[in-house]
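Please read the structure below before turning to the comments.
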There are 4 protein chains.
Amino acid sequence: MIPVGVIGASGYTGLELIRLLERHPVFQLKVITSRDLAGKSLGESFGFQGKYRELIFEEPIPEVIAEKVKAVFLCVPAGTAQELAFFFINRGIKVVDLSADFRFKNVELYQSTYKITHRYPQLIEKAVYGLSEIFAEEIKDAELIGNPGCYPTAILLPLIPLIKGGLIEGNNIIVDAKSGTSGAGRKVETYYSFCEVNEDFKAYKVASHRHTPEMEEKLTFFAGHRVSVVFTPHLLPINRGILATIYVKYKASLESLHSYLRDFYRNTPFVEVLPLGSYPRISEVRGTNSCKISLFEDKERAQGIIISVIDNLAKGASGQAIQNLNLMFGLPEDMGLPQNPLFV
Amino acid sequence: MIPVGVIGASGYTGLELIRLLERHPVFQLKVITSRDLAGKSLGESFGFQGKYRELIFEEPIPEVIAEKVKAVFLCVPAGTAQELAFFFINRGIKVVDLSADFRFKNVELYQSTYKITHRYPQLIEKAVYGLSEIFAEEIKDAELIGNPGCYPTAILLPLIPLIKGGLIEGNNIIVDAKSGTSGAGRKVETYYSFCEVNEDFKAYKVASHRHTPEMEEKLTFFAGHRVSVVFTPHLLPINRGILATIYVKYKASLESLHSYLRDFYRNTPFVEVLPLGSYPRISEVRGTNSCKISLFEDKERAQGIIISVIDNLAKGASGQAIQNLNLMFGLPEDMGLPQNPLFV
Amino acid sequence: MIPVGVIGASGYTGLELIRLLERHPVFQLKVITSRDLAGKSLGESFGFQGKYRELIFEEPIPEVIAEKVKAVFLCVPAGTAQELAFFFINRGIKVVDLSADFRFKNVELYQSTYKITHRYPQLIEKAVYGLSEIFAEEIKDAELIGNPGCYPTAILLPLIPLIKGGLIEGNNIIVDAKSGTSGAGRKVETYYSFCEVNEDFKAYKVASHRHTPEMEEKLTFFAGHRVSVVFTPHLLPINRGILATIYVKYKASLESLHSYLRDFYRNTPFVEVLPLGSYPRISEVRGTNSCKISLFEDKERAQGIIISVIDNLAKGASGQAIQNLNLMFGLPEDMGLPQNPLFV
Amino acid sequence: MIPVGVIGASGYTGLELIRLLERHPVFQLKVITSRDLAGKSLGESFGFQGKYRELIFEEPIPEVIAEKVKAVFLCVPAGTAQELAFFFINRGIKVVDLSADFRFKNVELYQSTYKITHRYPQLIEKAVYGLSEIFAEEIKDAELIGNPGCYPTAILLPLIPLIKGGLIEGNNIIVDAKSGTSGAGRKVETYYSFCEVNEDFKAYKVASHRHTPEMEEKLTFFAGHRVSVVFTPHLLPINRGILATIYVKYKASLESLHSYLRDFYRNTPFVEVLPLGSYPRISEVRGTNSCKISLFEDKERAQGIIISVIDNLAKGASGQAIQNLNLMFGLPEDMGLPQNPLFV
């Protein structure tokens with residue numbers, strides 16, 4: 001058994017980690033922290049039953065945590081995460097950081113995007129971007145993972161192989177993405193209150209979302225030239241799930257792109273390229289670590305259309321974080337992770 | 001045209017008043033107040049178009065308002081409302097108070113229920129309880145209305161006539177009620193955030209909701225003896241609507257109760273007693289000032305079951321407030337009020 | 001008073017017509033037809049109260065209807081509508097057809113899109129496309145209106161003026177649209193059952209929706225050259241509303257497009273171009289005949305982004321149908337139509 | 001490994017069985033049947049990934065199935081189930097029947113309730129009612145289980161121990177229950193279409209639901225005298241979950257009932273009696289096999305109020321079915337069953 005901790009465990013990604021770790025046969029949850037809930041059990045705070053029901057939320061004191069675990073998941077804000085990562089890495093504890101602090105290779109881009117000074121650029125060099133299927137080999141040797149944003153996960157999984165394979169153009173990429181409300185975290189704002197979200201639908205942060213530079217950096221890396229992404233996020237009146245509709249120019253036939261992408265992901269447990277003509281649905285990945293991708297084409301108008309779905313809390317955050325830690329410890333990447341969805 | 005004002009216009013009941021007043025042929029909205037939004041227009045704040053789009057939210061300064069209107073709707077918290085009511089009544093301005101300040105006749109009961117001292121008991125004597133169909137005659141002569149709570153409206157409309165007619169027993173009344181989330185107002189709490197309400201359902205304030213004493217006072221008044229109500233509210237993952245399932249002991253046959261209640265409401269525009277066997281649905285009153293009631297009986301177990309539905313923001317608050325002001329000004333009680341629902 | 005009829009009144013667009021006509025001061029609903037509900041009243045079938053509560057659904061017998069009305073709304077399938085339109089027009093009865101039968105000017109395009117033979121091409125010539133703000137002058141003189149599709153309404157209202165004004169390019173238009181489930185009508189299919197739509201989100205008919213040729217025909221007409229539209233519809237888990245996110249290339253500055261479009265719609269009661277930076281929300285048009293439009297730009301990536309919202313049953317169908325009949329009878333176009341939304 | 005089959009696997013309870021069996025370490029799913037989907041895989045039909053993705057739906061041919069499995073779950077209608085049960089039991093195959101065919105001990109009561117002749121009364125004698133916590137000992141020795149209805153599960157778990165312990169009265173029991181829409185199965189009816197359920201709420205089958213006799217038979221058995229239950233089900237606009245609000249007369253103090261019930265369920269993995277004052281929420285059992293119960297009292301009005309929540313598809317059907325099969329094979333009853341909920 002490998003003892004692990006979740007730092008910042010009372011938000012949605014923290015709770016999802018706990019939910020998923022319940023069934024993990026190797027990782028044993030030893031520490032969960034929350035300033036607000038310190039002293040309370042998981043059972044009394046959130047009604048969790050099962051083996052972690054009596055686990056008590058602790059104050060986040062790094063020295064104390066370091067004594068108890070071999071790996072930590074950081075579910076704290078950008079800026080705070082880098083401090084904790086520095087502390088734990090120096091003590092030989094593996095870190096999967098779910099914040100943005102180690103997603104970027106370009107420090108300036110991180111700083112201008114998040115308006116935060118990065119104090120540990122040397123750690124950025126060591127960090128691996130935790131898009132599991134794409135960086136599996138690097139992740140296996142990593143000590144520190146910058147776990148990808150939820151939108152970038154849904155969008156890069158189809159785009160990186162196609163860019164790398166030279167099968168799509170690197171400009172004119174338009175991503176129209178829709179996310180369930182849990183993507184905003186456990187925010188207490190009128191904007192996210194039930195009556196304001198239910199029966200409504202709206203775009204937000206048009207041309208200004210912080211996931212855009214993250215996606216562009218990765219795509220540019222694989223393309224070998226500057227790739228730009230027009231990105232429009234929308235807020236869905238559902239709890240979980242992201243669907244991204246991606247408009248790209250194909251450089252080969254639909255059929256050849258489809259067969260290329262199927263081959264690329266053939267031996268991965270979580271990414272599925274659907275048969276041509278199939279429509280991915282958010283309900284088919286609810287609660288799972290899966291990503292489903294379908295390729296379409298408007299032949300008359302020479303437009304490629306790619307649709308990708310994930311569960312933003314699972315493959316888009318906590319599920320992928322566990323997948324990464326599996327890889328870091330040499331375990332099967334799908335260990336403990338659900339593949340059958342809560343279909344309704 | 002009669003100039004009116006809405007004090008505290010940026011909450012859900014205030015906005016519903018504005019929505020409904022758009023089509024009122026006599027009441028002209030002259031004043032809307034909101035501390036937070038003072039200086040902004042209705043159009044820019046909430047996207048309202050139509051004739052009040054350019055109306056500007058004002059600071060709530062009673063002296064200024066009193067110059068402009070002949071009647072006010074008070075959508076402010078209990079405790080604050082009584083002060084404003086006192087001010088306006090003294091200047092000859094009619095008041096419909098949507099808070100609890102003038103719902104009770106028993107001052108002590110009000111005070112122990114709301115933990116607020118009532119400074120104007122003499123006004124309580126003058127105030128009329130604004131359950132429009134029941135107190136229509138008194139309302140016509142009133143200067144000050146205590147507009148009923150949303151739950152009491154749904155529950156008293158079927159129960160008062162039956163109690164009055166001696167057709168149900170006054171003890172063993174159990175009310176299991178379910179309300180849409182707008183009933184909580186525009187609260188900014190985790191409890192009311194989208195992800196916490198959506199796909200969930202829960203009871204709250206079991207045996208301790210403040211609408212219980214309000215209902216019991218009115219039923220006791222009509223019964224001539226103490227009536228008690230066991231009341232369990234629940235939170236529905238919908239925006240609007242209340243459905244109350246009421247368990248009572250019938251003192252006559254289902255058919256005779258049904259025909260009595262149909263007769264009672266025969267000439268009212270908003271209360272409809274459905275044919276036996278019909279099920280009221282919240283969707284059939286959405287956006288309207290209607291109340292639909294159906295009577296059932298479990299004959300084998302000698303249990304009467306009454307189901308009643310309203311739109312909590314309309315008949316349960318702002319619609320009934322306008323209905324009352326119509327009566328106070330000698331207008332047809334249904335003037336300007338919608339009867340056809342937003343069926344989907 | 002002008003007597004009117006709704007043919008096919010038991011579907012969602014028929015019911016919405018009835019809901020809206022309740023408050024119309026001139027059009028008097030005299031006939032509603034439904035094969036399934038013939039003999040039943042509106043009140044018993046759908047719980048409508050108000051002035052049409054006792055109106056009885058009739059069998060759709062054109063000869064009988066023609067005796068009673070001066071105008072009809074056709075809410076029947078494409079193919080059936082043309083037969084009824086021919087019948088009524090020949091008797092001097094004005095027709096607003098909510099099907100696709102008279103939306104196209106190009107008969108072949110209609111026939112290949114809908115796989116239906118058009119038997120009355122001469123009527124197509126007389127018919128006017130009922131996008132009210134754009135064709136207001138022609139509509140005033142029309143006897144027969146082809147009421148636009150819901151998606152085309154949301155999309156053409158922003159695009160036609162900009163195409164006409166030469167302010168956007170006519171190729172590379174991508175429309176990513178999302179519609180509430182009532183857009184599918186009252187279909188009884190597993191696909192539209194509650195558990196399959198709720199908490200889900202999915203695209204459908206990618207590159208194959210029948211509203212694409214409709215939009216392209218209109219845009220091409222105003223551009224004077226072939227305009228093509230890549231169109232991806234999605235199904236939202238809400239009852240009402242369409243939000244279209246439109247990607248176009250601007251040929252002038254954002255500010256000049258914005259001011260052009262504001263000017264274009266300045267004197268219209270229903271179309272509102274929002275201030276720069278504002279986000280249209282579906283909830284702000286729920287139940288109204290409004291369309292709200294906002295223009296954005298990703299300047300770094302030279303991409304124009306236009307967002308438009310309507311209520312698919314109101315401005316996208318029945319509301320616009322009444323607006324058109326208002327125009328046809330020389331009435332103010334906003335007569336009887338709501339502008340304040342059911343904000344929650 | 002024990003090979004098992006799911007007969008009638010394409011409905012919601014069948015799919016939930018498959019979802020849950022994915023993680024079961026002993027039961028191996030060998031057969032899934034569906035007339036409609038015969039020949040198709042689970043992956044292509046429902047997007048399931050994981051180890052059963054390639055499993056093919058078969059025609060339901062009992063002789064073929066009997067060769068492959070040691071136990072079957074029957075997810076077929078009442079009436080059909082008894083035939084299959086008879087067939088499989090005779091071949092030594094254990095049966096968990098999710099229909100009503102083996103829930104009753106009184107054959108006449110079954111027949112009058114379901115309007116179906118029972119052709120195997122001798123099997124009824126052998127069958128055990130699968131309310132796992134209550135009949136655990138009998139289930140361990142059973143060959144045939146009548147898996148309880150979803151409502152009875154939520155309601156009997158709190159009531160049976162209290163009735164047995166003589167702590168509540170056996171008359172005047174009123175149950176006001178609310179169920180998510182998946183409880184109706186995958187029905188294709190307008191009544192269950194998205195737009196008709198969403199934003200609506202309604203009661204149904206008042207005083208006539210078929211789960212009433214089932215509950216009364218079990219309670220009467222434990223009470224030793226006739227117990228009657230007034231039962232009102234309602235349809236919630238959510239996918240999963242039941243909340244039952246139960247009104248009973250306590251025969252001892254709230255505190256003593258609470259401590260009695262806590263003791264009763266102390267060593268069970270799935271039933272949790274919450275601390276006094278806590279409110280059970282449907283979200284806290286979503287996707288799990290748990291039941292959460294809370295006891296309240298309106299002391300002033302001498303009314304006991306018990307609230308119980310389950311996931312209707314899991315503990316209310318498929319989860320409990322697996323729990324029962326675990327017991328029948330001498331495995332730990334919680335083997336393979338989730339306890340941590342999909343909290344959002």
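Chain labels A, B, ... are given in the sequence in which chains occur in the structure tokens; within each chain residues are numbered consecutively from 1, and ligands are likewise numbered from 1 in the order shown.
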With only C-alpha atoms counted and 6 Å as the cut-off, give the residues of chain C in contact with chain A, each with its shortest interatomic distance in Å and the pair that gives it, as CSV.
residue,atom,partner,partner_atom,distance
C:Glu199,CA,A:Ile238,CA,5.0
C:Asp200,CA,A:Ser283,CA,5.1
C:Phe201,CA,A:Ile282,CA,5.7
C:Lys202,CA,A:Arg281,CA,5.1
C:Ala207,CA,A:Asp298,CA,5.1
C:Ile238,CA,A:Glu199,CA,5.0
C:Arg281,CA,A:Lys202,CA,5.1
C:Ile282,CA,A:Asp200,CA,5.3
C:Ser283,CA,A:Asp200,CA,5.1
C:Asp298,CA,A:Ala207,CA,5.1
Atoms kept (N, CA and C atoms) for selection, written as a short mmCIF file (atom, residue, chain, number, x, y, z; two decimals), in the first residue's frame:
data_model
loop_
_atom_site.label_atom_id
_atom_site.label_comp_id
_atom_site.auth_asym_id
_atom_site.auth_seq_id
_atom_site.Cartn_x
_atom_site.Cartn_y
_atom_site.Cartn_z
N GLU C 199 -29.06 16.16 -17.55
CA GLU C 199 -27.65 15.93 -17.21
C GLU C 199 -26.83 15.42 -18.39
N ASP C 200 -27.37 15.55 -19.59
CA ASP C 200 -26.63 15.15 -20.78
C ASP C 200 -26.48 16.38 -21.69
N PHE C 201 -25.69 16.24 -22.70
CA PHE C 201 -25.53 17.28 -23.72
C PHE C 201 -24.89 16.59 -24.92
N LYS C 202 -25.38 16.90 -26.10
CA LYS C 202 -24.88 16.21 -27.28
C LYS C 202 -25.15 17.03 -28.53
N ALA C 207 -23.53 18.85 -39.82
CA ALA C 207 -23.39 19.03 -41.27
C ALA C 207 -24.57 18.48 -42.07
N ILE C 238 -32.59 21.90 -21.23
CA ILE C 238 -33.50 22.93 -20.74
C ILE C 238 -34.74 22.87 -21.62
N ARG C 281 -28.01 35.93 -22.22
CA ARG C 281 -28.36 34.71 -21.51
C ARG C 281 -29.73 34.26 -21.98
N ILE C 282 -29.91 32.98 -22.09
CA ILE C 282 -31.20 32.44 -22.48
C ILE C 282 -32.30 32.86 -21.50
N SER C 283 -31.97 32.93 -20.22
CA SER C 283 -32.99 33.27 -19.23
C SER C 283 -33.54 34.68 -19.44
N ASP C 298 -11.92 38.16 -30.93
CA ASP C 298 -10.62 37.71 -30.45
C ASP C 298 -9.61 38.44 -31.33
#
What's around B:Glu169 at 10 Å? Count only C-alpha atoms, leave out sequence neighbours fewer than 2 positions away in its own chain, and write the answer as a list of chain:residue names.
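Surrounding residues, per the criterion: B:Leu162, B:Ile163, B:Gly166, B:Leu167, B:Asn171, B:Asn172, B:Ile173, B:Ala223, B:Val227, B:Val248, B:Lys249, B:Tyr250, B:Lys251.
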Selection from above, N, CA, C and O atoms, as an mmCIF file, in the first residue's frame, can you write it?
data_model
loop_
_atom_site.group_PDB
_atom_site.id
_atom_site.type_symbol
_atom_site.label_atom_id
_atom_site.label_comp_id
_atom_site.auth_asym_id
_atom_site.auth_seq_id
_atom_site.Cartn_x
_atom_site.Cartn_y
_atom_site.Cartn_z
ATOM 1 N N LEU B 162 -62.768 24.405 3.889
ATOM 2 C CA LEU B 162 -63.171 23.104 4.419
ATOM 3 C C LEU B 162 -63.275 23.129 5.950
ATOM 4 O O LEU B 162 -64.158 22.499 6.529
ATOM 5 N N ILE B 163 -62.366 23.855 6.579
ATOM 6 C CA ILE B 163 -62.423 24.010 8.042
ATOM 7 C C ILE B 163 -63.679 24.804 8.417
ATOM 8 O O ILE B 163 -64.426 24.427 9.326
ATOM 9 N N GLY B 166 -66.745 22.983 8.285
ATOM 10 C CA GLY B 166 -66.823 21.836 9.186
ATOM 11 C C GLY B 166 -66.662 20.504 8.484
ATOM 12 O O GLY B 166 -67.137 19.469 8.962
ATOM 13 N N LEU B 167 -65.954 20.507 7.367
ATOM 14 C CA LEU B 167 -65.868 19.286 6.560
ATOM 15 C C LEU B 167 -64.602 18.475 6.789
ATOM 16 O O LEU B 167 -64.461 17.370 6.261
ATOM 17 N N ASN B 171 -57.582 18.545 13.833
ATOM 18 C CA ASN B 171 -56.302 18.010 14.319
ATOM 19 C C ASN B 171 -55.810 16.977 13.305
ATOM 20 O O ASN B 171 -56.472 16.675 12.320
ATOM 21 N N ASN B 172 -54.644 16.464 13.539
ATOM 22 C CA ASN B 172 -54.089 15.467 12.614
ATOM 23 C C ASN B 172 -53.929 15.984 11.193
ATOM 24 O O ASN B 172 -53.975 15.204 10.242
ATOM 25 N N ILE B 173 -53.733 17.277 11.031
ATOM 26 C CA ILE B 173 -53.437 17.786 9.686
ATOM 27 C C ILE B 173 -51.937 17.699 9.458
ATOM 28 O O ILE B 173 -51.151 18.213 10.257
ATOM 29 N N ALA B 223 -61.778 27.962 12.444
ATOM 30 C CA ALA B 223 -62.351 26.773 13.079
ATOM 31 C C ALA B 223 -63.096 27.147 14.354
ATOM 32 O O ALA B 223 -64.051 26.486 14.754
ATOM 33 N N VAL B 227 -56.386 24.687 15.894
ATOM 34 C CA VAL B 227 -56.033 23.763 14.816
ATOM 35 C C VAL B 227 -54.516 23.647 14.767
ATOM 36 O O VAL B 227 -53.819 24.658 14.866
ATOM 37 N N VAL B 248 -55.568 15.027 5.609
ATOM 38 C CA VAL B 248 -56.586 15.444 6.578
ATOM 39 C C VAL B 248 -57.648 14.354 6.720
ATOM 40 O O VAL B 248 -57.776 13.477 5.870
ATOM 41 N N LYS B 249 -58.400 14.433 7.792
ATOM 42 C CA LYS B 249 -59.515 13.509 7.984
ATOM 43 C C LYS B 249 -60.789 14.187 7.504
ATOM 44 O O LYS B 249 -61.138 15.279 7.984
ATOM 45 N N TYR B 250 -61.443 13.571 6.536
ATOM 46 C CA TYR B 250 -62.704 14.119 6.015
ATOM 47 C C TYR B 250 -63.844 13.809 6.983
ATOM 48 O O TYR B 250 -63.911 12.708 7.541
ATOM 49 N N LYS B 251 -64.746 14.763 7.114
ATOM 50 C CA LYS B 251 -65.923 14.528 7.961
ATOM 51 C C LYS B 251 -67.176 14.285 7.112
ATOM 52 O O LYS B 251 -68.287 14.179 7.641
#
Have a look at B:Leu98, B:Cys75, B:Ala184, B:Leu257 and name the one nearest to B:Ile145; count only C-alpha atoms.
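Going through B:Leu98, B:Cys75, B:Ala184, B:Leu257 one by one, the smallest distance to B:Ile145 is for B:Leu98.
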From stretch 65-220 of chain D, collect each residue whose DSSP state is helix (DSSP H, G or I) and return the set as number ranges by chain.
D: 65-66, 80-90, 107-114, 121-126, 136-140, 150-164, 181-184, 190-192, 194-197, 211-220
Can you pull out the residues contacting stretch 83-89 of chain D? Cut-off 10 Å, using only C-alpha atoms, and skip same-chain residues under 4 positions away; I want them as an NGL selection string.
:D and (7 or 60-63 or 65-66 or 69-74 or 76 or 78-79 or 93-97 or 101-102 or 118-120 or 122-123 or 143-145)
Would you put the residues from that selection into a file with C-alpha atoms, as a PDB file, in the first residue's frame?
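This went into out_35.pdb:
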ATOM      1  CA  ILE D   7     -31.968 -11.200 -18.446  1.00  0.00           C
ATOM      2  CA  PRO D  60     -33.208 -14.552 -24.238  1.00  0.00           C
ATOM      3  CA  ILE D  61     -33.133 -18.317 -24.820  1.00  0.00           C
ATOM      4  CA  PRO D  62     -33.246 -19.954 -21.378  1.00  0.00           C
ATOM      5  CA  GLU D  63     -31.695 -23.253 -22.501  1.00  0.00           C
ATOM      6  CA  ILE D  65     -28.276 -19.214 -20.889  1.00  0.00           C
ATOM      7  CA  ALA D  66     -28.544 -22.115 -18.458  1.00  0.00           C
ATOM      8  CA  VAL D  69     -24.257 -19.231 -15.725  1.00  0.00           C
ATOM      9  CA  LYS D  70     -24.720 -20.175 -12.103  1.00  0.00           C
ATOM     10  CA  ALA D  71     -27.035 -17.282 -11.282  1.00  0.00           C
ATOM     11  CA  VAL D  72     -29.325 -14.906 -13.108  1.00  0.00           C
ATOM     12  CA  PHE D  73     -30.806 -11.499 -12.445  1.00  0.00           C
ATOM     13  CA  LEU D  74     -34.277 -11.177 -13.954  1.00  0.00           C
ATOM     14  CA  VAL D  76     -38.228  -8.576 -17.054  1.00  0.00           C
ATOM     15  CA  ALA D  78     -43.941  -9.375 -13.723  1.00  0.00           C
ATOM     16  CA  GLY D  79     -45.611 -12.425 -15.226  1.00  0.00           C
ATOM     17  CA  ILE D  93     -29.400 -21.810 -11.082  1.00  0.00           C
ATOM     18  CA  LYS D  94     -29.869 -19.160  -8.412  1.00  0.00           C
ATOM     19  CA  VAL D  95     -32.345 -16.434  -9.278  1.00  0.00           C
ATOM     20  CA  VAL D  96     -32.676 -12.847  -8.137  1.00  0.00           C
ATOM     21  CA  ASP D  97     -35.939 -11.598  -9.599  1.00  0.00           C
ATOM     22  CA  ASP D 101     -43.456 -11.970  -8.981  1.00  0.00           C
ATOM     23  CA  PHE D 102     -41.873 -13.240  -5.780  1.00  0.00           C
ATOM     24  CA  HIS D 118     -49.340 -16.787 -10.466  1.00  0.00           C
ATOM     25  CA  ARG D 119     -48.605 -20.203 -11.905  1.00  0.00           C
ATOM     26  CA  TYR D 120     -45.941 -21.210  -9.392  1.00  0.00           C
ATOM     27  CA  GLN D 122     -44.933 -23.497  -4.675  1.00  0.00           C
ATOM     28  CA  LEU D 123     -42.022 -21.261  -5.689  1.00  0.00           C
ATOM     29  CA  GLU D 143     -32.264 -20.120  -4.203  1.00  0.00           C
ATOM     30  CA  LEU D 144     -34.807 -17.570  -5.295  1.00  0.00           C
ATOM     31  CA  ILE D 145     -35.090 -13.954  -4.232  1.00  0.00           C
TER      32      ILE D 145
END
List every residue of stretch 108-323 of chain B that DSSP, applied to the backbone, labels as strand (DSSP E or B), and write the result as number ranges by chain.
B: 128-129, 144-146, 168, 173-179, 193, 202-203, 229-235, 242-248, 250, 271-273, 291-298, 303-310
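The space separating atom CA of D:Gly185 from atom CA of D:Tyr12 comes to 5.9 Å.
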Quote the spacing between atom CA of D:Pro338 and atom CA of D:Thr288 in Å to one decimal place.
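Atom CA of D:Thr288 lies at a distance of 5.1 Å from atom CA of D:Pro338.
The protein and nucleic acid residues lying at most 8 Å from stretch 210-214 of chain C are Arg103, Phe104, Leu109, Thr113, Tyr114, Gly149, Tyr151, Pro152, Ser208, Glu216, Glu217, Lys218, Val229, Val230 and Phe231 of chain C, with only C-alpha atoms considered and sequence neighbours fewer than 2 positions away removed.
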